[in-house]
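The data block below is entry37.cif; it holds mmCIF, C-alpha atoms, pLDDT in the B column; chains and numbers go by the auth columns.
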```cif
data_entry
loop_
_atom_site.group_PDB
_atom_site.id
_atom_site.type_symbol
_atom_site.label_atom_id
_atom_site.label_comp_id
_atom_site.label_asym_id
_atom_site.label_seq_id
_atom_site.Cartn_x
_atom_site.Cartn_y
_atom_site.Cartn_z
_atom_site.B_iso_or_equiv
_atom_site.auth_seq_id
_atom_site.auth_asym_id
ATOM 1 C CA MET A 1 -15.128 54.227 -34.044 53.00 1 A
ATOM 2 C CA ALA A 2 -13.582 51.003 -35.200 56.00 2 A
ATOM 3 C CA LYS A 3 -14.198 47.795 -33.359 55.00 3 A
ATOM 4 C CA PRO A 4 -11.124 46.230 -31.864 55.00 4 A
ATOM 5 C CA THR A 5 -10.086 43.113 -33.708 55.00 5 A
ATOM 6 C CA SER A 6 -10.038 39.956 -31.708 52.00 6 A
ATOM 7 C CA SER A 7 -6.687 38.397 -31.121 51.00 7 A
ATOM 8 C CA PRO A 8 -6.210 35.111 -32.964 50.00 8 A
ATOM 9 C CA ARG A 9 -4.280 33.745 -30.004 52.00 9 A
ATOM 10 C CA GLN A 10 -6.381 32.487 -27.162 50.00 10 A
ATOM 11 C CA SER A 11 -4.834 32.621 -23.732 49.00 11 A
ATOM 12 C CA ALA A 12 -4.339 29.183 -22.255 50.00 12 A
ATOM 13 C CA ARG A 13 -6.593 28.587 -19.298 52.00 13 A
ATOM 14 C CA VAL A 14 -5.204 26.429 -16.545 50.00 14 A
ATOM 15 C CA VAL A 15 -7.874 24.420 -14.774 46.00 15 A
ATOM 16 C CA GLN A 16 -6.989 23.083 -11.377 51.00 16 A
ATOM 17 C CA LEU A 17 -8.410 19.703 -10.538 48.00 17 A
ATOM 18 C CA ARG A 18 -9.549 18.508 -7.140 54.00 18 A
ATOM 19 C CA LYS A 19 -8.014 15.055 -6.912 69.00 19 A
ATOM 20 C CA GLY A 20 -10.184 12.290 -5.535 77.00 20 A
ATOM 21 C CA ALA A 21 -8.947 9.542 -3.241 85.00 21 A
ATOM 22 C CA THR A 22 -7.673 6.432 -4.987 88.00 22 A
ATOM 23 C CA VAL A 23 -7.659 2.812 -3.875 89.00 23 A
ATOM 24 C CA GLU A 24 -3.866 3.012 -3.652 90.00 24 A
ATOM 25 C CA MET A 25 -4.170 5.917 -1.217 91.00 25 A
ATOM 26 C CA VAL A 26 -6.583 3.839 0.877 91.00 26 A
ATOM 27 C CA ARG A 27 -4.159 0.919 0.917 92.00 27 A
ATOM 28 C CA LEU A 28 -1.356 3.208 2.077 92.00 28 A
ATOM 29 C CA THR A 29 -3.325 4.703 4.970 93.00 29 A
ATOM 30 C CA CYS A 30 -5.554 1.856 6.175 93.00 30 A
ATOM 31 C CA PRO A 31 -4.319 -1.327 7.851 94.00 31 A
ATOM 32 C CA ASP A 32 -4.437 -4.539 5.826 93.00 32 A
ATOM 33 C CA ALA A 33 -5.878 -7.798 7.189 93.00 33 A
ATOM 34 C CA ALA A 34 -2.612 -8.875 8.834 93.00 34 A
ATOM 35 C CA GLN A 35 -2.164 -5.521 10.577 92.00 35 A
ATOM 36 C CA ALA A 36 -5.820 -5.468 11.702 94.00 36 A
ATOM 37 C CA LEU A 37 -5.428 -8.967 13.172 94.00 37 A
ATOM 38 C CA LYS A 38 -2.261 -7.885 14.989 94.00 38 A
ATOM 39 C CA ILE A 39 -4.078 -4.827 16.411 93.00 39 A
ATOM 40 C CA ALA A 40 -7.069 -6.914 17.498 92.00 40 A
ATOM 41 C CA GLU A 41 -4.859 -9.481 19.228 91.00 41 A
ATOM 42 C CA SER A 42 -2.683 -6.862 20.931 90.00 42 A
ATOM 43 C CA PHE A 43 -5.605 -4.852 22.279 90.00 43 A
ATOM 44 C CA GLY A 44 -8.081 -7.664 22.879 88.00 44 A
ATOM 45 C CA THR A 45 -10.696 -6.320 20.465 86.00 45 A
ATOM 46 C CA ALA A 46 -12.943 -8.260 18.135 85.00 46 A
ATOM 47 C CA VAL A 47 -11.364 -9.696 15.008 87.00 47 A
ATOM 48 C CA VAL A 48 -13.294 -8.417 12.004 91.00 48 A
ATOM 49 C CA ASP A 49 -14.266 -10.641 9.110 94.00 49 A
ATOM 50 C CA SER A 50 -12.270 -8.820 6.420 93.00 50 A
ATOM 51 C CA ASP A 51 -13.266 -11.119 3.568 94.00 51 A
ATOM 52 C CA GLY A 52 -16.894 -11.073 4.685 96.00 52 A
ATOM 53 C CA ILE A 53 -17.008 -7.261 4.658 95.00 53 A
ATOM 54 C CA ARG A 54 -15.382 -7.136 1.235 96.00 54 A
ATOM 55 C CA ASP A 55 -17.664 -9.794 -0.248 96.00 55 A
ATOM 56 C CA LEU A 56 -20.819 -8.246 1.223 96.00 56 A
ATOM 57 C CA HIS A 57 -20.068 -4.842 -0.264 96.00 57 A
ATOM 58 C CA GLU A 58 -19.179 -6.347 -3.607 96.00 58 A
ATOM 59 C CA ARG A 59 -22.527 -8.192 -3.663 96.00 59 A
ATOM 60 C CA LEU A 60 -24.318 -5.033 -2.543 95.00 60 A
ATOM 61 C CA ILE A 61 -23.014 -3.027 -5.497 95.00 61 A
ATOM 62 C CA LEU A 62 -23.628 -5.896 -7.925 96.00 62 A
ATOM 63 C CA GLU A 63 -27.226 -6.288 -6.748 96.00 63 A
ATOM 64 C CA THR A 64 -27.762 -2.531 -6.900 93.00 64 A
ATOM 65 C CA ALA A 65 -26.505 -2.446 -10.477 94.00 65 A
ATOM 66 C CA ASP A 66 -28.686 -5.412 -11.384 94.00 66 A
ATOM 67 C CA ALA A 67 -31.778 -3.733 -9.924 95.00 67 A
ATOM 68 C CA LEU A 68 -31.053 -0.500 -11.812 93.00 68 A
ATOM 69 C CA ALA A 69 -30.082 -2.136 -15.117 92.00 69 A
ATOM 70 C CA ASP A 70 -33.499 -1.690 -16.773 92.00 70 A
ATOM 71 C CA GLY A 71 -33.782 1.954 -15.769 92.00 71 A
ATOM 72 C CA LEU A 72 -30.282 3.177 -16.527 90.00 72 A
ATOM 73 C CA GLY A 73 -28.279 3.238 -19.714 91.00 73 A
ATOM 74 C CA ASP A 74 -24.626 2.228 -19.751 92.00 74 A
ATOM 75 C CA LYS A 75 -23.265 5.748 -19.262 93.00 75 A
ATOM 76 C CA ALA A 76 -25.773 6.570 -16.520 92.00 76 A
ATOM 77 C CA MET A 77 -24.868 3.324 -14.734 92.00 77 A
ATOM 78 C CA GLN A 78 -21.185 4.166 -14.982 93.00 78 A
ATOM 79 C CA ILE A 79 -21.720 7.668 -13.578 92.00 79 A
ATOM 80 C CA HIS A 80 -23.927 6.365 -10.757 94.00 80 A
ATOM 81 C CA LEU A 81 -21.495 3.634 -9.737 94.00 81 A
ATOM 82 C CA GLN A 82 -18.571 6.053 -10.082 93.00 82 A
ATOM 83 C CA ARG A 83 -20.182 8.215 -7.410 93.00 83 A
ATOM 84 C CA ILE A 84 -21.155 5.322 -5.144 94.00 84 A
ATOM 85 C CA VAL A 85 -17.720 3.708 -5.258 94.00 85 A
ATOM 86 C CA GLY A 86 -16.102 7.122 -4.850 93.00 86 A
ATOM 87 C CA ALA A 87 -18.021 7.591 -1.598 93.00 87 A
ATOM 88 C CA TYR A 88 -16.742 4.276 -0.251 95.00 88 A
ATOM 89 C CA VAL A 89 -13.158 5.021 -1.264 94.00 89 A
ATOM 90 C CA GLY A 90 -13.321 8.569 0.117 94.00 90 A
ATOM 91 C CA SER A 91 -14.718 7.361 3.425 94.00 91 A
ATOM 92 C CA ALA A 92 -12.010 4.732 3.778 95.00 92 A
ATOM 93 C CA HIS A 93 -9.289 7.238 2.896 95.00 93 A
ATOM 94 C CA GLY A 94 -10.569 9.722 5.472 94.00 94 A
ATOM 95 C CA ALA A 95 -10.643 6.992 8.120 95.00 95 A
ATOM 96 C CA GLY A 96 -7.112 5.974 7.163 95.00 96 A
ATOM 97 C CA GLN A 97 -5.827 9.517 7.546 94.00 97 A
ATOM 98 C CA PHE A 98 -7.539 9.829 10.923 95.00 98 A
ATOM 99 C CA TYR A 99 -6.017 6.497 11.984 94.00 99 A
ATOM 100 C CA SER A 100 -2.541 7.692 10.957 93.00 100 A
ATOM 101 C CA ARG A 101 -2.895 10.825 13.094 94.00 101 A
ATOM 102 C CA ALA A 102 -4.150 8.745 16.047 93.00 102 A
ATOM 103 C CA VAL A 103 -1.117 6.438 15.780 92.00 103 A
ATOM 104 C CA THR A 104 1.226 9.436 15.713 92.00 104 A
ATOM 105 C CA GLU A 105 -0.410 10.886 18.835 92.00 105 A
ATOM 106 C CA ALA A 106 -0.255 7.502 20.591 90.00 106 A
ATOM 107 C CA ARG A 107 3.442 7.114 19.768 89.00 107 A
ATOM 108 C CA ASP A 108 4.200 10.637 20.978 87.00 108 A
ATOM 109 C CA ALA A 109 2.290 10.098 24.233 85.00 109 A
ATOM 110 C CA THR A 110 3.973 6.744 24.812 83.00 110 A
ATOM 111 C CA ALA A 111 7.425 8.235 24.225 82.00 111 A
ATOM 112 C CA LYS A 112 6.664 11.051 26.657 80.00 112 A
ATOM 113 C CA ALA A 113 5.362 8.581 29.237 72.00 113 A
ATOM 114 C CA ALA A 114 8.632 6.655 29.069 68.00 114 A
ATOM 115 C CA ASN A 115 10.480 9.709 30.378 68.00 115 A
ATOM 116 C CA ASP A 116 10.511 9.357 34.183 58.00 116 A
ATOM 117 C CA ALA A 117 11.226 13.054 34.729 56.00 117 A
ATOM 118 C CA ARG A 118 7.818 14.181 33.427 56.00 118 A
ATOM 119 C CA ASP A 119 4.977 14.510 35.917 54.00 119 A
ATOM 120 C CA GLU A 120 2.078 15.108 33.514 52.00 120 A
ATOM 121 C CA ASP A 121 2.455 11.720 31.811 51.00 121 A
ATOM 122 C CA LEU A 122 2.349 9.525 34.882 55.00 122 A
ATOM 123 C CA ASP A 123 -0.317 6.863 35.258 54.00 123 A
ATOM 124 C CA GLY A 124 -3.745 8.088 36.218 55.00 124 A
ATOM 125 C CA PRO A 125 -5.383 7.457 39.576 55.00 125 A
ATOM 126 C CA VAL A 126 -6.018 3.864 40.601 54.00 126 A
ATOM 127 C CA GLY A 127 -8.567 2.314 38.277 53.00 127 A
ATOM 128 C CA TYR A 128 -7.889 4.755 35.418 53.00 128 A
ATOM 129 C CA ASP A 129 -5.571 4.318 32.465 67.00 129 A
ATOM 130 C CA SER A 130 -2.810 6.751 31.663 79.00 130 A
ATOM 131 C CA ALA A 131 -3.320 9.266 28.869 84.00 131 A
ATOM 132 C CA ALA A 132 -0.831 7.325 26.738 84.00 132 A
ATOM 133 C CA GLN A 133 -2.785 4.087 27.231 86.00 133 A
ATOM 134 C CA ARG A 134 -6.049 5.783 26.242 88.00 134 A
ATOM 135 C CA LYS A 135 -4.394 7.165 23.099 90.00 135 A
ATOM 136 C CA ARG A 136 -3.047 3.711 22.162 90.00 136 A
ATOM 137 C CA GLU A 137 -6.486 2.150 22.633 91.00 137 A
ATOM 138 C CA PHE A 138 -8.107 4.920 20.604 93.00 138 A
ATOM 139 C CA ALA A 139 -5.590 4.392 17.788 92.00 139 A
ATOM 140 C CA ALA A 140 -6.330 0.652 17.862 93.00 140 A
ATOM 141 C CA ASP A 141 -10.077 1.316 17.543 93.00 141 A
ATOM 142 C CA MET A 142 -9.441 3.697 14.642 95.00 142 A
ATOM 143 C CA GLY A 143 -7.231 1.085 12.983 94.00 143 A
ATOM 144 C CA ILE A 144 -9.978 -1.529 13.062 95.00 144 A
ATOM 145 C CA GLN A 145 -12.486 0.993 11.727 95.00 145 A
ATOM 146 C CA ALA A 146 -10.144 2.091 8.931 95.00 146 A
ATOM 147 C CA HIS A 147 -9.494 -1.535 7.992 96.00 147 A
ATOM 148 C CA SER A 148 -13.221 -2.302 7.886 96.00 148 A
ATOM 149 C CA LEU A 149 -13.870 0.674 5.608 96.00 149 A
ATOM 150 C CA ARG A 150 -10.925 -0.341 3.426 96.00 150 A
ATOM 151 C CA MET A 151 -12.500 -3.760 2.921 96.00 151 A
ATOM 152 C CA ALA A 152 -15.853 -2.156 2.050 96.00 152 A
ATOM 153 C CA ALA A 153 -14.139 0.106 -0.489 96.00 153 A
ATOM 154 C CA GLU A 154 -12.215 -2.772 -2.043 96.00 154 A
ATOM 155 C CA GLY A 155 -15.445 -4.733 -2.424 96.00 155 A
ATOM 156 C CA ALA A 156 -17.150 -1.775 -4.095 96.00 156 A
ATOM 157 C CA VAL A 157 -14.188 -1.266 -6.450 95.00 157 A
ATOM 158 C CA ALA A 158 -14.225 -4.958 -7.426 96.00 158 A
ATOM 159 C CA ALA A 159 -17.953 -4.766 -8.182 96.00 159 A
ATOM 160 C CA TYR A 160 -17.456 -1.653 -10.314 95.00 160 A
ATOM 161 C CA ALA A 161 -14.929 -3.523 -12.448 95.00 161 A
ATOM 162 C CA LYS A 162 -17.382 -6.402 -12.919 95.00 162 A
ATOM 163 C CA VAL A 163 -20.335 -4.194 -13.865 94.00 163 A
ATOM 164 C CA ILE A 164 -18.598 -1.541 -15.966 93.00 164 A
ATOM 165 C CA GLY A 165 -15.753 -3.671 -17.315 93.00 165 A
ATOM 166 C CA GLU A 166 -12.971 -1.267 -16.427 91.00 166 A
ATOM 167 C CA THR A 167 -10.973 -0.320 -13.356 91.00 167 A
ATOM 168 C CA TRP A 168 -12.519 2.355 -11.141 89.00 168 A
ATOM 169 C CA LYS A 169 -10.714 5.693 -11.110 88.00 169 A
ATOM 170 C CA PRO A 170 -11.683 8.722 -9.045 83.00 170 A
ATOM 171 C CA PHE A 171 -13.426 11.584 -10.782 76.00 171 A
ATOM 172 C CA ASP A 172 -11.149 14.608 -10.664 69.00 172 A
ATOM 173 C CA ARG A 173 -13.433 17.608 -10.670 65.00 173 A
ATOM 174 C CA PRO A 174 -12.344 21.130 -11.517 63.00 174 A
ATOM 175 C CA VAL A 175 -11.857 23.345 -8.496 58.00 175 A
ATOM 176 C CA GLU A 176 -14.726 25.772 -8.427 60.00 176 A
ATOM 177 C CA GLN A 177 -13.689 29.391 -8.330 58.00 177 A
ATOM 178 C CA PRO A 178 -16.971 31.300 -8.427 55.00 178 A
ATOM 179 C CA GLY A 179 -15.275 34.659 -7.871 53.00 179 A
ATOM 180 C CA HIS A 180 -13.169 34.312 -10.996 57.00 180 A
ATOM 181 C CA SER A 181 -16.020 33.470 -13.345 61.00 181 A
ATOM 182 C CA LEU A 182 -18.248 36.172 -11.878 62.00 182 A
ATOM 183 C CA SER A 183 -15.594 38.866 -12.212 72.00 183 A
ATOM 184 C CA ARG A 184 -14.847 37.700 -15.748 74.00 184 A
ATOM 185 C CA LYS A 185 -18.540 37.967 -16.664 74.00 185 A
ATOM 186 C CA ALA A 186 -18.707 41.413 -15.105 74.00 186 A
ATOM 187 C CA ALA A 187 -15.630 42.490 -17.066 76.00 187 A
ATOM 188 C CA GLU A 188 -17.142 41.180 -20.303 78.00 188 A
ATOM 189 C CA ALA A 189 -20.394 43.048 -19.614 76.00 189 A
ATOM 190 C CA GLN A 190 -18.521 46.244 -18.901 77.00 190 A
ATOM 191 C CA ILE A 191 -16.260 45.974 -21.940 80.00 191 A
ATOM 192 C CA SER A 192 -19.284 45.313 -24.177 79.00 192 A
ATOM 193 C CA ALA A 193 -20.522 48.794 -23.236 79.00 193 A
ATOM 194 C CA PHE A 194 -17.762 50.196 -25.424 79.00 194 A
ATOM 195 C CA ASP A 195 -19.024 48.372 -28.542 73.00 195 A
#
```
Written form, structure tokens:
Amino acid sequence: MAKPTSSPRQSARVVQLRKGATVEMVRLTCPDAAQALKIAESFGTAVVDSDGIRDLHERLILETADALADGLGDKAMQIHLQRIVGAYVGSAHGAGQFYSRAVTEARDATAKAANDARDEDLDGPVGYDSAAQRKREFAADMGIQAHSLRMAAEGAVAAYAKVIGETWKPFDRPVEQPGHSLSRKAAEAQISAFD
């Protein structure tokens, strides 16, 4: 029996990539320093030291890189810092998304509370805030947290640029599809039985 000839054309394989969070995405979802100050003043919360957070995290990454310099080669340092900075950026982006949802819920609750015909949105018992007030305060807390994490991420990104000499970009990893590769291997094993 003759062996089947292999086709000279290879089928193109499309690889999906899992996109990582970028600094631009963080800046779109997390409050900047002016917005964080406005939130803090409006809700009577502590004003965070934005520049201090950013500078501290930049120094932290720089000192980490300096301590590891003798033990890591250039490529290993780049991969290590890529992961570290990616964690900071991912954390800030997640906090920013959570903050955005909290603001939406606070706005919805406040709009509902403004309608006098609704009973469920009236102020709580004496000494307790309304549900809308609690949602606004929660959104304010999340805004300050998201801003703080944004500053940490920006500091880490700045340090990466100083150590590596290029702008940090997220690592886009291929989406793992274990079922596809396993079934393909099984098919190859089965088809080889006909050889």
I need the residue set behind the PyMOL selection byres ((chain A and resi 170) around 8) for this file; please write it as an mmCIF file with C-alpha atoms, in the frame of the given file.
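Output file selection25.cif follows:
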```cif
data_model
loop_
_atom_site.group_PDB
_atom_site.id
_atom_site.type_symbol
_atom_site.label_atom_id
_atom_site.label_comp_id
_atom_site.auth_asym_id
_atom_site.auth_seq_id
_atom_site.Cartn_x
_atom_site.Cartn_y
_atom_site.Cartn_z
ATOM 1 C CA LYS A 19 -8.014 15.055 -6.912
ATOM 2 C CA GLY A 20 -10.184 12.290 -5.535
ATOM 3 C CA ALA A 21 -8.947 9.542 -3.241
ATOM 4 C CA THR A 22 -7.673 6.432 -4.987
ATOM 5 C CA GLN A 82 -18.571 6.053 -10.082
ATOM 6 C CA GLY A 86 -16.102 7.122 -4.850
ATOM 7 C CA TRP A 168 -12.519 2.355 -11.141
ATOM 8 C CA LYS A 169 -10.714 5.693 -11.110
ATOM 9 C CA PHE A 171 -13.426 11.584 -10.782
ATOM 10 C CA ASP A 172 -11.149 14.608 -10.664
#
```
Considering only C-alpha atoms, return as a CSV table (one decimal) with C-alpha atoms, in the frame of the given file whatever protein or nucleic-acid residues lie within 12 Å of Gly44 of chain A, sequence-local ones (same chain, fewer than 5 positions apart) excluded.
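As written to disk, selection.csv reads:
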```csv
chain,number,residue,atom,x,y,z
A,36,ALA,CA,-5.8,-5.5,11.7
A,37,LEU,CA,-5.4,-9.0,13.2
A,38,LYS,CA,-2.3,-7.9,15.0
A,39,ILE,CA,-4.1,-4.8,16.4
A,137,GLU,CA,-6.5,2.2,22.6
A,140,ALA,CA,-6.3,0.7,17.9
A,141,ASP,CA,-10.1,1.3,17.5
A,144,ILE,CA,-10.0,-1.5,13.1
```
*Between atom CA of Ile164 of chain A and atom CA of Asp55 of chain A, distance in Å (one decimal)*: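 According to the coordinates, atom CA of Ile164 of chain A and atom CA of Asp55 of chain A are separated by 17.8 Å.
The space separating atom CA of Glu24 of chain A from atom CA of Gln97 of chain A comes to 13.1 Å.
Of the listed residues (A:Glu188, A:Glu166, A:Glu105, A:Glu154), A:Glu154 comes nearest to Asp32 of chain A; the distances count only C-alpha atoms.
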*asked:* One decimal, in Å: what's the spacing between atom CA of Ala92 of chain A and atom CA of Ala161 of chain A?
replied: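 Here the two named atoms are 18.4 Å from each other.
Minimum atom-to-atom distance to Arg150 of chain A, evaluated using only C-alpha atoms, belongs to A:Gly90 out of A:Leu56, A:Glu41, A:Gly90, A:Ile61.
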_Top pick for closest residue to Arg27 of chain A, considering A:Arg101, A:Lys112, A:Lys162, A:His93 and counting only C-alpha atoms_ =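 The closest residue to Arg27 of chain A is A:His93.
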*A:Thr45, A:Gln35, A:Ser50, A:Thr29 ranked by distance to Gly155 of chain A, top pick (using all atoms listed in the file)*: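 Going through A:Thr45, A:Gln35, A:Ser50, A:Thr29 one by one, the smallest distance to Gly155 of chain A is for A:Ser50.
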_Neighbouring residues of segment 75-77 of chain A were defined as those with any atom within 10 Å, considering all atoms listed in the file; residues of the same chain fewer than 6 positions away were excluded. Please report them as number ranges by chain._
A: 65, 68-69, 83, 160, 163-164
For the residues in the current selection, export C-alpha atoms as a PDB file, in the coordinates of the input.
```
ATOM      1  CA  ALA A  65     -26.505  -2.446 -10.477  1.00 94.00           C
ATOM      2  CA  LEU A  68     -31.053  -0.500 -11.812  1.00 93.00           C
ATOM      3  CA  ALA A  69     -30.082  -2.136 -15.117  1.00 92.00           C
ATOM      4  CA  ARG A  83     -20.182   8.215  -7.410  1.00 93.00           C
ATOM      5  CA  TYR A 160     -17.456  -1.653 -10.314  1.00 95.00           C
ATOM      6  CA  VAL A 163     -20.335  -4.194 -13.865  1.00 94.00           C
ATOM      7  CA  ILE A 164     -18.598  -1.541 -15.966  1.00 93.00           C
TER       8      ILE A 164
END
```
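Each of A:Gly165, A:Gly52, A:Gly96, A:Gly73 was compared to Gly143 of chain A using only C-alpha atoms, and A:Gly96 turns out to be the nearest.
The closest residue to Leu62 of chain A, picked from A:Leu28, A:Ile79, A:Val48, A:Ala158 and counting all atoms listed in the file, is A:Ala158.
Using all atoms listed in the file, the contacts of Ala106 of chain A at a cut-off of 7 Å, with sequence neighbours closer than 5 positions omitted, comprise A:Ala132, A:Lys135, A:Arg136, A:Ala139.
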Residues as selected, C-alpha atoms, written as a PDB file, in the frame of the given file, can you do that?
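See part.pdb below for the written result:
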```pdb
ATOM      1  CA  ALA A 132      -0.831   7.325  26.738  1.00 84.00           C
ATOM      2  CA  LYS A 135      -4.394   7.165  23.099  1.00 90.00           C
ATOM      3  CA  ARG A 136      -3.047   3.711  22.162  1.00 90.00           C
ATOM      4  CA  ALA A 139      -5.590   4.392  17.788  1.00 92.00           C
TER       5      ALA A 139
END
```
Padding 5 Å on every side, please: axis-aligned box over the listed atoms of segment 34-44 of chain A, centre and edge lengths to one decimal in Å, as lines of an AutoDock Vina configuration file.
```
center_x = -5.1
center_y = -7.2
center_z = 15.9
size_x = 15.9
size_y = 14.7
size_z = 24.0
```
